[in-house]
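Listing of final17.cif, mmCIF, N, CA and C atoms
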```cif
data_run
loop_
_atom_site.label_atom_id
_atom_site.label_comp_id
_atom_site.auth_asym_id
_atom_site.auth_seq_id
_atom_site.Cartn_x
_atom_site.Cartn_y
_atom_site.Cartn_z
N MET A 22 28.19 -45.37 -19.86
CA MET A 22 26.79 -45.09 -19.58
C MET A 22 25.93 -45.72 -20.68
N PRO A 23 24.89 -46.44 -20.32
CA PRO A 23 24.04 -47.08 -21.34
C PRO A 23 23.26 -46.04 -22.16
N ARG A 24 22.82 -46.45 -23.32
CA ARG A 24 22.04 -45.57 -24.20
C ARG A 24 20.70 -45.22 -23.56
N VAL A 25 20.12 -46.16 -22.82
CA VAL A 25 18.88 -45.92 -22.07
C VAL A 25 18.98 -46.68 -20.74
N GLN A 26 18.21 -46.25 -19.76
CA GLN A 26 18.16 -46.95 -18.48
C GLN A 26 17.34 -48.22 -18.65
N TYR A 27 17.74 -49.30 -17.96
CA TYR A 27 17.02 -50.56 -18.09
C TYR A 27 17.23 -51.44 -16.88
N THR A 28 16.36 -52.44 -16.76
CA THR A 28 16.43 -53.44 -15.70
C THR A 28 16.69 -54.81 -16.33
N ASP A 29 16.92 -55.79 -15.51
CA ASP A 29 17.11 -57.16 -16.01
C ASP A 29 15.85 -57.65 -16.73
N SER A 30 14.68 -57.29 -16.22
CA SER A 30 13.44 -57.72 -16.90
C SER A 30 13.30 -57.03 -18.26
N ASP A 31 13.79 -55.79 -18.38
CA ASP A 31 13.79 -55.12 -19.69
C ASP A 31 14.68 -55.87 -20.68
N VAL A 32 15.84 -56.31 -20.23
CA VAL A 32 16.76 -57.06 -21.08
C VAL A 32 16.07 -58.32 -21.58
N ALA A 33 15.41 -59.05 -20.68
CA ALA A 33 14.74 -60.30 -21.06
C ALA A 33 13.60 -60.04 -22.03
N LEU A 34 12.81 -58.99 -21.80
CA LEU A 34 11.70 -58.67 -22.70
C LEU A 34 12.21 -58.26 -24.08
N MET A 35 13.20 -57.42 -24.11
CA MET A 35 13.77 -56.99 -25.40
C MET A 35 14.39 -58.17 -26.12
N ALA A 36 15.05 -59.05 -25.40
CA ALA A 36 15.66 -60.25 -26.00
C ALA A 36 14.59 -61.12 -26.65
N ARG A 37 13.46 -61.29 -25.98
CA ARG A 37 12.36 -62.07 -26.55
C ARG A 37 11.86 -61.43 -27.85
N MET A 38 11.74 -60.11 -27.86
CA MET A 38 11.27 -59.41 -29.05
C MET A 38 12.27 -59.55 -30.20
N MET A 39 13.53 -59.39 -29.90
CA MET A 39 14.56 -59.49 -30.94
C MET A 39 14.54 -60.88 -31.57
N ARG A 40 14.42 -61.90 -30.74
CA ARG A 40 14.36 -63.27 -31.25
C ARG A 40 13.11 -63.49 -32.08
N ALA A 41 11.98 -63.04 -31.58
CA ALA A 41 10.70 -63.26 -32.27
C ALA A 41 10.67 -62.56 -33.62
N GLU A 42 11.25 -61.38 -33.70
CA GLU A 42 11.19 -60.61 -34.93
C GLU A 42 12.27 -60.98 -35.94
N ALA A 43 13.41 -61.51 -35.48
CA ALA A 43 14.53 -61.65 -36.43
C ALA A 43 15.39 -62.89 -36.21
N GLU A 44 14.92 -63.89 -35.53
CA GLU A 44 15.75 -65.08 -35.30
C GLU A 44 16.26 -65.67 -36.61
N GLY A 45 15.43 -65.65 -37.64
CA GLY A 45 15.81 -66.19 -38.94
C GLY A 45 16.88 -65.38 -39.65
N GLU A 46 17.19 -64.20 -39.14
CA GLU A 46 18.20 -63.35 -39.76
C GLU A 46 19.47 -63.29 -38.91
N GLY A 47 19.57 -64.22 -37.97
CA GLY A 47 20.79 -64.35 -37.19
C GLY A 47 20.99 -63.25 -36.17
N GLN A 48 22.16 -63.31 -35.54
CA GLN A 48 22.46 -62.34 -34.48
C GLN A 48 22.50 -60.92 -35.00
N GLN A 49 23.03 -60.73 -36.20
CA GLN A 49 23.10 -59.38 -36.77
C GLN A 49 21.69 -58.83 -36.97
N GLY A 50 20.80 -59.63 -37.51
CA GLY A 50 19.41 -59.19 -37.70
C GLY A 50 18.74 -58.86 -36.38
N MET A 51 19.01 -59.66 -35.35
CA MET A 51 18.43 -59.39 -34.04
C MET A 51 18.98 -58.08 -33.47
N LEU A 52 20.26 -57.81 -33.68
CA LEU A 52 20.83 -56.54 -33.22
C LEU A 52 20.16 -55.35 -33.91
N TYR A 53 19.83 -55.49 -35.19
CA TYR A 53 19.16 -54.39 -35.89
C TYR A 53 17.78 -54.14 -35.31
N VAL A 54 17.05 -55.18 -34.98
CA VAL A 54 15.74 -55.01 -34.32
C VAL A 54 15.95 -54.31 -32.98
N GLY A 55 16.99 -54.70 -32.25
CA GLY A 55 17.30 -54.03 -30.99
C GLY A 55 17.58 -52.55 -31.17
N ASN A 56 18.26 -52.19 -32.26
CA ASN A 56 18.49 -50.77 -32.56
C ASN A 56 17.17 -50.01 -32.64
N VAL A 57 16.22 -50.59 -33.35
CA VAL A 57 14.92 -49.92 -33.54
C VAL A 57 14.21 -49.76 -32.19
N ILE A 58 14.26 -50.77 -31.36
CA ILE A 58 13.60 -50.69 -30.05
C ILE A 58 14.21 -49.55 -29.23
N VAL A 59 15.53 -49.51 -29.13
CA VAL A 59 16.20 -48.46 -28.36
C VAL A 59 15.95 -47.09 -29.00
N ASN A 60 15.98 -47.00 -30.32
CA ASN A 60 15.73 -45.72 -30.98
C ASN A 60 14.33 -45.20 -30.69
N ARG A 61 13.35 -46.08 -30.66
CA ARG A 61 11.98 -45.66 -30.34
C ARG A 61 11.90 -45.11 -28.92
N LEU A 62 12.62 -45.72 -28.01
CA LEU A 62 12.62 -45.24 -26.63
C LEU A 62 13.34 -43.90 -26.52
N ARG A 63 14.46 -43.76 -27.16
CA ARG A 63 15.22 -42.50 -27.12
C ARG A 63 14.55 -41.38 -27.89
N GLY A 64 13.83 -41.75 -28.94
CA GLY A 64 13.32 -40.75 -29.87
C GLY A 64 12.34 -39.75 -29.30
N ASN A 65 11.33 -40.21 -28.58
CA ASN A 65 10.29 -39.34 -28.05
C ASN A 65 9.77 -38.40 -29.14
N CYS A 66 9.42 -38.97 -30.27
CA CYS A 66 9.00 -38.17 -31.41
C CYS A 66 8.04 -38.97 -32.30
N ILE A 67 7.43 -38.31 -33.23
CA ILE A 67 6.56 -38.87 -34.25
C ILE A 67 5.57 -39.85 -33.61
N ASP A 68 5.64 -41.12 -33.97
CA ASP A 68 4.72 -42.15 -33.44
C ASP A 68 5.13 -42.65 -32.07
N PHE A 69 6.24 -42.18 -31.53
CA PHE A 69 6.82 -42.77 -30.33
C PHE A 69 7.01 -41.76 -29.20
N LYS A 70 6.09 -40.81 -29.10
CA LYS A 70 6.14 -39.81 -28.03
C LYS A 70 5.73 -40.43 -26.70
N ASN A 71 6.39 -39.96 -25.66
CA ASN A 71 6.06 -40.33 -24.27
C ASN A 71 6.28 -41.80 -23.95
N LEU A 72 7.12 -42.48 -24.69
CA LEU A 72 7.52 -43.84 -24.32
C LEU A 72 8.73 -43.70 -23.41
N ARG A 73 8.65 -44.26 -22.21
CA ARG A 73 9.71 -44.07 -21.22
C ARG A 73 10.40 -45.37 -20.80
N THR A 74 9.83 -46.51 -21.19
CA THR A 74 10.40 -47.79 -20.76
C THR A 74 10.39 -48.79 -21.92
N ILE A 75 11.20 -49.82 -21.80
CA ILE A 75 11.22 -50.89 -22.80
C ILE A 75 9.83 -51.54 -22.93
N PRO A 76 9.14 -51.88 -21.83
CA PRO A 76 7.80 -52.46 -21.99
C PRO A 76 6.82 -51.53 -22.74
N GLN A 77 6.93 -50.23 -22.51
CA GLN A 77 6.05 -49.31 -23.24
C GLN A 77 6.33 -49.36 -24.75
N VAL A 78 7.58 -49.51 -25.14
CA VAL A 78 7.92 -49.63 -26.55
C VAL A 78 7.39 -50.96 -27.10
N ILE A 79 7.66 -52.04 -26.41
CA ILE A 79 7.30 -53.38 -26.89
C ILE A 79 5.78 -53.54 -27.01
N TYR A 80 5.04 -53.03 -26.03
CA TYR A 80 3.59 -53.23 -26.00
C TYR A 80 2.80 -52.04 -26.52
N GLN A 81 3.45 -51.12 -27.20
CA GLN A 81 2.75 -49.95 -27.75
C GLN A 81 1.67 -50.40 -28.74
N VAL A 82 0.53 -49.76 -28.66
CA VAL A 82 -0.57 -50.02 -29.59
C VAL A 82 -0.74 -48.79 -30.47
N GLN A 83 -0.81 -49.03 -31.77
CA GLN A 83 -1.04 -47.96 -32.75
C GLN A 83 -2.12 -48.44 -33.70
N GLY A 84 -3.13 -47.62 -33.93
CA GLY A 84 -4.18 -47.99 -34.86
C GLY A 84 -4.92 -49.26 -34.46
N GLY A 85 -5.01 -49.52 -33.16
CA GLY A 85 -5.74 -50.68 -32.68
C GLY A 85 -4.94 -51.98 -32.67
N ASN A 86 -3.67 -51.93 -33.08
CA ASN A 86 -2.81 -53.12 -33.10
C ASN A 86 -1.50 -52.83 -32.39
N TYR A 87 -0.87 -53.89 -31.89
CA TYR A 87 0.46 -53.72 -31.34
C TYR A 87 1.41 -53.27 -32.44
N SER A 88 2.38 -52.45 -32.07
CA SER A 88 3.35 -51.95 -33.05
C SER A 88 4.21 -53.06 -33.63
N PHE A 89 4.50 -54.08 -32.81
CA PHE A 89 5.31 -55.20 -33.28
C PHE A 89 4.42 -56.39 -33.57
N GLU A 90 4.56 -56.92 -34.75
CA GLU A 90 3.74 -58.05 -35.19
C GLU A 90 3.91 -59.27 -34.27
N ALA A 91 5.10 -59.47 -33.75
CA ALA A 91 5.35 -60.63 -32.89
C ALA A 91 4.50 -60.61 -31.62
N VAL A 92 4.22 -59.43 -31.08
CA VAL A 92 3.37 -59.34 -29.89
C VAL A 92 1.94 -59.70 -30.25
N GLN A 93 1.51 -59.19 -31.38
CA GLN A 93 0.14 -59.43 -31.83
C GLN A 93 -0.10 -60.91 -32.15
N LYS A 94 0.83 -61.50 -32.88
CA LYS A 94 0.64 -62.87 -33.34
C LYS A 94 1.19 -63.91 -32.38
N GLY A 95 2.01 -63.48 -31.44
CA GLY A 95 2.55 -64.42 -30.46
C GLY A 95 3.83 -65.07 -30.90
N ASN A 96 3.78 -65.96 -31.83
CA ASN A 96 4.91 -66.82 -32.26
C ASN A 96 5.93 -67.02 -31.14
N VAL A 97 7.19 -66.86 -31.40
CA VAL A 97 8.18 -67.15 -30.38
C VAL A 97 8.33 -66.03 -29.35
N PHE A 98 7.59 -64.94 -29.48
CA PHE A 98 7.69 -63.85 -28.51
C PHE A 98 7.38 -64.34 -27.09
N TYR A 99 6.50 -65.30 -26.98
CA TYR A 99 6.11 -65.76 -25.64
C TYR A 99 6.99 -66.89 -25.10
N ASN A 100 8.06 -67.23 -25.80
CA ASN A 100 9.08 -68.14 -25.27
C ASN A 100 10.03 -67.34 -24.38
N ARG A 101 10.65 -67.99 -23.43
CA ARG A 101 11.63 -67.30 -22.58
C ARG A 101 12.84 -66.89 -23.40
N ALA A 102 13.47 -65.81 -22.97
CA ALA A 102 14.69 -65.34 -23.63
C ALA A 102 15.84 -66.29 -23.31
N ARG A 103 16.65 -66.54 -24.31
CA ARG A 103 17.84 -67.36 -24.13
C ARG A 103 19.03 -66.44 -23.84
N SER A 104 20.09 -67.01 -23.33
CA SER A 104 21.24 -66.20 -22.93
C SER A 104 21.84 -65.44 -24.11
N VAL A 105 21.87 -66.03 -25.30
CA VAL A 105 22.46 -65.34 -26.45
C VAL A 105 21.67 -64.08 -26.79
N GLU A 106 20.33 -64.16 -26.77
CA GLU A 106 19.53 -62.97 -27.07
C GLU A 106 19.65 -61.93 -25.96
N LYS A 107 19.75 -62.38 -24.72
CA LYS A 107 19.93 -61.43 -23.61
C LYS A 107 21.24 -60.66 -23.77
N ARG A 108 22.27 -61.38 -24.18
CA ARG A 108 23.58 -60.73 -24.39
C ARG A 108 23.47 -59.68 -25.51
N LEU A 109 22.76 -60.03 -26.59
CA LEU A 109 22.59 -59.09 -27.69
C LEU A 109 21.76 -57.88 -27.26
N ALA A 110 20.69 -58.11 -26.51
CA ALA A 110 19.84 -57.01 -26.04
C ALA A 110 20.65 -56.05 -25.16
N LYS A 111 21.43 -56.61 -24.26
CA LYS A 111 22.25 -55.76 -23.38
C LYS A 111 23.25 -54.96 -24.20
N LYS A 112 23.80 -55.56 -25.22
CA LYS A 112 24.73 -54.86 -26.11
C LYS A 112 24.04 -53.65 -26.76
N ASN A 113 22.79 -53.84 -27.25
CA ASN A 113 22.04 -52.73 -27.83
C ASN A 113 21.77 -51.64 -26.79
N LEU A 114 21.32 -52.05 -25.63
CA LEU A 114 20.96 -51.10 -24.59
C LEU A 114 22.17 -50.30 -24.11
N ASP A 115 23.33 -50.92 -24.11
CA ASP A 115 24.53 -50.25 -23.62
C ASP A 115 25.20 -49.36 -24.67
N PHE A 116 25.34 -49.87 -25.91
CA PHE A 116 26.14 -49.08 -26.84
C PHE A 116 25.94 -49.39 -28.32
N TRP A 117 25.54 -50.57 -28.71
CA TRP A 117 25.65 -51.01 -30.11
C TRP A 117 24.63 -50.34 -31.02
N ARG A 118 25.12 -49.76 -32.12
CA ARG A 118 24.29 -49.16 -33.17
C ARG A 118 25.04 -49.33 -34.49
N GLU A 119 24.33 -49.73 -35.53
CA GLU A 119 25.00 -49.92 -36.81
C GLU A 119 24.01 -49.76 -37.95
N HIS A 120 24.52 -49.29 -39.08
CA HIS A 120 23.73 -49.15 -40.31
C HIS A 120 23.30 -50.55 -40.77
N PRO A 121 22.10 -50.74 -41.28
CA PRO A 121 21.10 -49.76 -41.71
C PRO A 121 20.09 -49.35 -40.63
N ALA A 122 20.22 -49.89 -39.42
CA ALA A 122 19.23 -49.58 -38.38
C ALA A 122 19.76 -48.58 -37.36
N LYS A 123 20.92 -48.02 -37.61
CA LYS A 123 21.55 -47.13 -36.63
C LYS A 123 20.60 -46.04 -36.15
N PHE A 124 19.85 -45.44 -37.05
CA PHE A 124 18.91 -44.37 -36.69
C PHE A 124 17.47 -44.75 -37.02
N ALA A 125 17.22 -45.99 -37.38
CA ALA A 125 15.90 -46.43 -37.84
C ALA A 125 14.87 -46.47 -36.71
N LEU A 126 13.64 -46.12 -37.06
CA LEU A 126 12.50 -46.24 -36.15
C LEU A 126 11.51 -47.30 -36.63
N TRP A 127 11.67 -47.73 -37.88
CA TRP A 127 10.74 -48.69 -38.45
C TRP A 127 11.50 -49.74 -39.26
N TYR A 128 10.90 -50.91 -39.36
CA TYR A 128 11.40 -51.95 -40.26
C TYR A 128 10.22 -52.85 -40.61
N PHE A 129 10.35 -53.53 -41.71
CA PHE A 129 9.35 -54.54 -42.08
C PHE A 129 9.91 -55.41 -43.17
N ASN A 130 9.24 -56.53 -43.39
CA ASN A 130 9.60 -57.47 -44.45
C ASN A 130 8.52 -57.35 -45.51
N PRO A 131 8.83 -56.72 -46.63
CA PRO A 131 7.80 -56.50 -47.65
C PRO A 131 7.53 -57.71 -48.55
N TYR A 132 8.32 -58.76 -48.42
CA TYR A 132 8.21 -59.93 -49.31
C TYR A 132 8.31 -59.48 -50.77
N ALA A 133 9.05 -58.42 -51.01
CA ALA A 133 9.28 -57.81 -52.33
C ALA A 133 10.45 -56.83 -52.14
N PRO A 134 10.86 -56.15 -53.19
CA PRO A 134 11.91 -55.13 -53.00
C PRO A 134 11.46 -54.04 -52.01
N CYS A 135 12.42 -53.49 -51.30
CA CYS A 135 12.12 -52.43 -50.33
C CYS A 135 11.63 -51.18 -51.05
N PRO A 136 10.51 -50.62 -50.62
CA PRO A 136 10.07 -49.35 -51.20
C PRO A 136 10.99 -48.21 -50.75
N PRO A 137 11.09 -47.14 -51.54
CA PRO A 137 11.99 -46.02 -51.21
C PRO A 137 11.55 -45.24 -49.97
N THR A 138 10.28 -45.33 -49.61
CA THR A 138 9.78 -44.71 -48.39
C THR A 138 8.79 -45.67 -47.73
N TRP A 139 8.58 -45.45 -46.44
CA TRP A 139 7.59 -46.21 -45.67
C TRP A 139 6.83 -45.18 -44.86
N TYR A 140 5.55 -45.01 -45.18
CA TYR A 140 4.74 -43.95 -44.57
C TYR A 140 5.48 -42.62 -44.63
N ASP A 141 6.03 -42.33 -45.79
CA ASP A 141 6.71 -41.07 -46.08
C ASP A 141 8.05 -40.90 -45.35
N GLN A 142 8.59 -41.98 -44.78
CA GLN A 142 9.88 -41.92 -44.11
C GLN A 142 10.93 -42.57 -45.02
N PRO A 143 12.14 -42.02 -45.09
CA PRO A 143 13.14 -42.51 -46.05
C PRO A 143 13.75 -43.86 -45.68
N PHE A 144 14.00 -44.63 -46.71
CA PHE A 144 14.67 -45.93 -46.63
C PHE A 144 16.11 -45.72 -46.21
N SER A 145 16.58 -46.48 -45.21
CA SER A 145 17.97 -46.35 -44.78
C SER A 145 18.82 -47.56 -45.15
N GLY A 146 18.19 -48.65 -45.54
CA GLY A 146 18.95 -49.81 -45.95
C GLY A 146 18.21 -51.10 -45.67
N GLN A 147 18.82 -52.20 -46.09
CA GLN A 147 18.19 -53.51 -45.98
C GLN A 147 19.19 -54.49 -45.40
N PHE A 148 18.68 -55.40 -44.57
CA PHE A 148 19.46 -56.54 -44.11
C PHE A 148 18.61 -57.77 -44.33
N LYS A 149 19.11 -58.67 -45.15
CA LYS A 149 18.38 -59.87 -45.55
C LYS A 149 16.98 -59.47 -46.01
N LYS A 150 15.93 -59.89 -45.30
CA LYS A 150 14.57 -59.61 -45.78
C LYS A 150 13.94 -58.36 -45.17
N HIS A 151 14.62 -57.72 -44.20
CA HIS A 151 14.04 -56.56 -43.54
C HIS A 151 14.53 -55.25 -44.15
N CYS A 152 13.59 -54.35 -44.36
CA CYS A 152 13.86 -52.99 -44.84
C CYS A 152 13.78 -52.05 -43.64
N PHE A 153 14.71 -51.11 -43.53
CA PHE A 153 14.77 -50.18 -42.40
C PHE A 153 14.54 -48.75 -42.88
N TYR A 154 13.88 -47.97 -42.01
CA TYR A 154 13.50 -46.60 -42.34
C TYR A 154 13.81 -45.66 -41.19
N GLU A 155 14.45 -44.54 -41.53
CA GLU A 155 14.80 -43.50 -40.57
C GLU A 155 13.74 -42.40 -40.60
N PRO A 156 13.66 -41.59 -39.56
CA PRO A 156 12.75 -40.45 -39.63
C PRO A 156 13.28 -39.40 -40.59
N LYS A 157 12.35 -38.65 -41.18
CA LYS A 157 12.75 -37.54 -42.04
C LYS A 157 13.63 -36.57 -41.26
N ALA A 158 14.55 -35.94 -41.95
CA ALA A 158 15.44 -34.96 -41.32
C ALA A 158 14.63 -33.90 -40.57
N GLY A 159 15.09 -33.60 -39.36
CA GLY A 159 14.45 -32.54 -38.57
C GLY A 159 13.19 -32.96 -37.83
N THR A 160 12.81 -34.25 -37.89
CA THR A 160 11.58 -34.66 -37.22
C THR A 160 11.83 -35.46 -35.94
N CYS A 161 13.07 -35.88 -35.72
CA CYS A 161 13.33 -36.73 -34.55
C CYS A 161 14.82 -36.66 -34.17
N ASP A 162 15.25 -35.49 -33.75
CA ASP A 162 16.67 -35.27 -33.49
C ASP A 162 17.24 -36.19 -32.42
N ASN A 163 16.43 -36.62 -31.43
CA ASN A 163 16.93 -37.49 -30.36
C ASN A 163 17.47 -38.81 -30.88
N VAL A 164 16.97 -39.30 -32.00
CA VAL A 164 17.43 -40.57 -32.56
C VAL A 164 18.90 -40.46 -32.99
N TYR A 165 19.29 -39.28 -33.41
CA TYR A 165 20.64 -39.10 -33.94
C TYR A 165 21.67 -38.79 -32.88
N SER A 166 21.25 -38.61 -31.64
CA SER A 166 22.20 -38.33 -30.55
C SER A 166 22.43 -39.60 -29.75
N GLY A 167 23.59 -39.69 -29.14
CA GLY A 167 23.94 -40.79 -28.26
C GLY A 167 23.57 -42.08 -28.77
#
```

Could you render the structure as structure tokens?
Amino acid sequence: MPRVQYTDSDVALMARMMRAEAEGEGQQGMLYVGNVIVNRLRGNCIDFKNLRTIPQVIYQVQGGNYSFEAVQKGNVFYNRARSVEKRLAKKNLDFWREHPAKFALWYFNPYAPCPPTWYDQPFSGQFKKHCFYEPKAGTCDNVYSG
């Protein structure tokens, strides 16, 4: 059973986001971005309440801006998904989760050392240039299940 329900168009959209956000960090980096996308959908907590679909996660607006910089700025997000990214997205949607993004809801590239917290959420680890952050204990139990 997949971690979340999805369609072929969800796979393609998520694949585009993974590529746009982390192509420079290879397949592993793209998988970590995929973890965050699926965790936001499963979480239904904190900043990510009432998100029910992959498009709702990808196109979420917070504070007047899209949650993902790639949607806001465009870059490669508006290129079609390639088969390799689609395969990675499907892997995330079906089962794949790994540290440091296993339970992460946020990530960013600080262009400096990773801060110990991000908006008061604890640092869970780093992969190449991206820092990952999990929700505080007891604030988003759905992220830690399935």

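Residue nearest Leu114 in chain A within the list A:Val59, A:Cys161, A:Ile67, A:Ala36: A:Val59 [criterion: smallest interatomic distance, only C-alpha atoms].
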
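You can rank A:Phe144, A:Tyr128, A:Ile58, A:Gly47 by their closest distance to Tyr80 in chain A using only C-alpha atoms, and at the top of that list sits A:Ile58.
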
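What separates CA of Pro131 in chain A from CA of His151 in chain A is a distance of 7.5 Å.
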
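Note that the spacing between CA of Ala133 in chain A and atom N of Gln147 in chain A amounts to 12.7 Å.
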
Between A:Pro143, A:Gly159, A:Gly50, A:Pro76, which residue has the minimum interatomic distance to Val32 in chain A, considering only C-alpha atoms?
A:Pro76

Would you kindly translate the PyMOL selection byres (((chain A and resi 165 and name CA) around 9) and name CA) into the concrete residues it picks from this file, as a ChimeraX atom specification?
/A:60,64,123-124,161-164,166-167

Mind giving me the straight-line distance from CA of Val97 in chain A to CA of Asn113 in chain A in Å, one decimal?
20.2 Å

Please determine, counting only N, CA and C atoms, which residue among A:Pro121, A:Phe153, A:Ile75, A:Asn86 has the shortest atom-to-atom distance to Asp31 in chain A.
A:Ile75

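For the choices A:Ala158, A:Met38, A:Gly146, A:Asp29, the atom-to-atom distance to His120 in chain A is smallest for A:Gly146 when using only N, CA and C atoms.
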
Looking only at the backbone, which of the residues in range 44-89 of chain A does DSSP tag as strand (DSSP E or B), as a ChimeraX atom specification?
/A:82-83,86-87

If we count only C-alpha atoms, what is near Glu119 in chain A at a cut-off of 9 Å, once residues fewer than 6 positions away on the same chain are taken out, given as number ranges by chain?
A: 52-53, 56

Any idea what's packed within 8 Å of Leu34 in chain A, counting all atoms listed in the file, ignoring anything in its chain fewer than 5 positions away? Could you give it as an NGL selection string?
:A and (28-29 or 39-40 or 75-76 or 79 or 102 or 107 or 110)
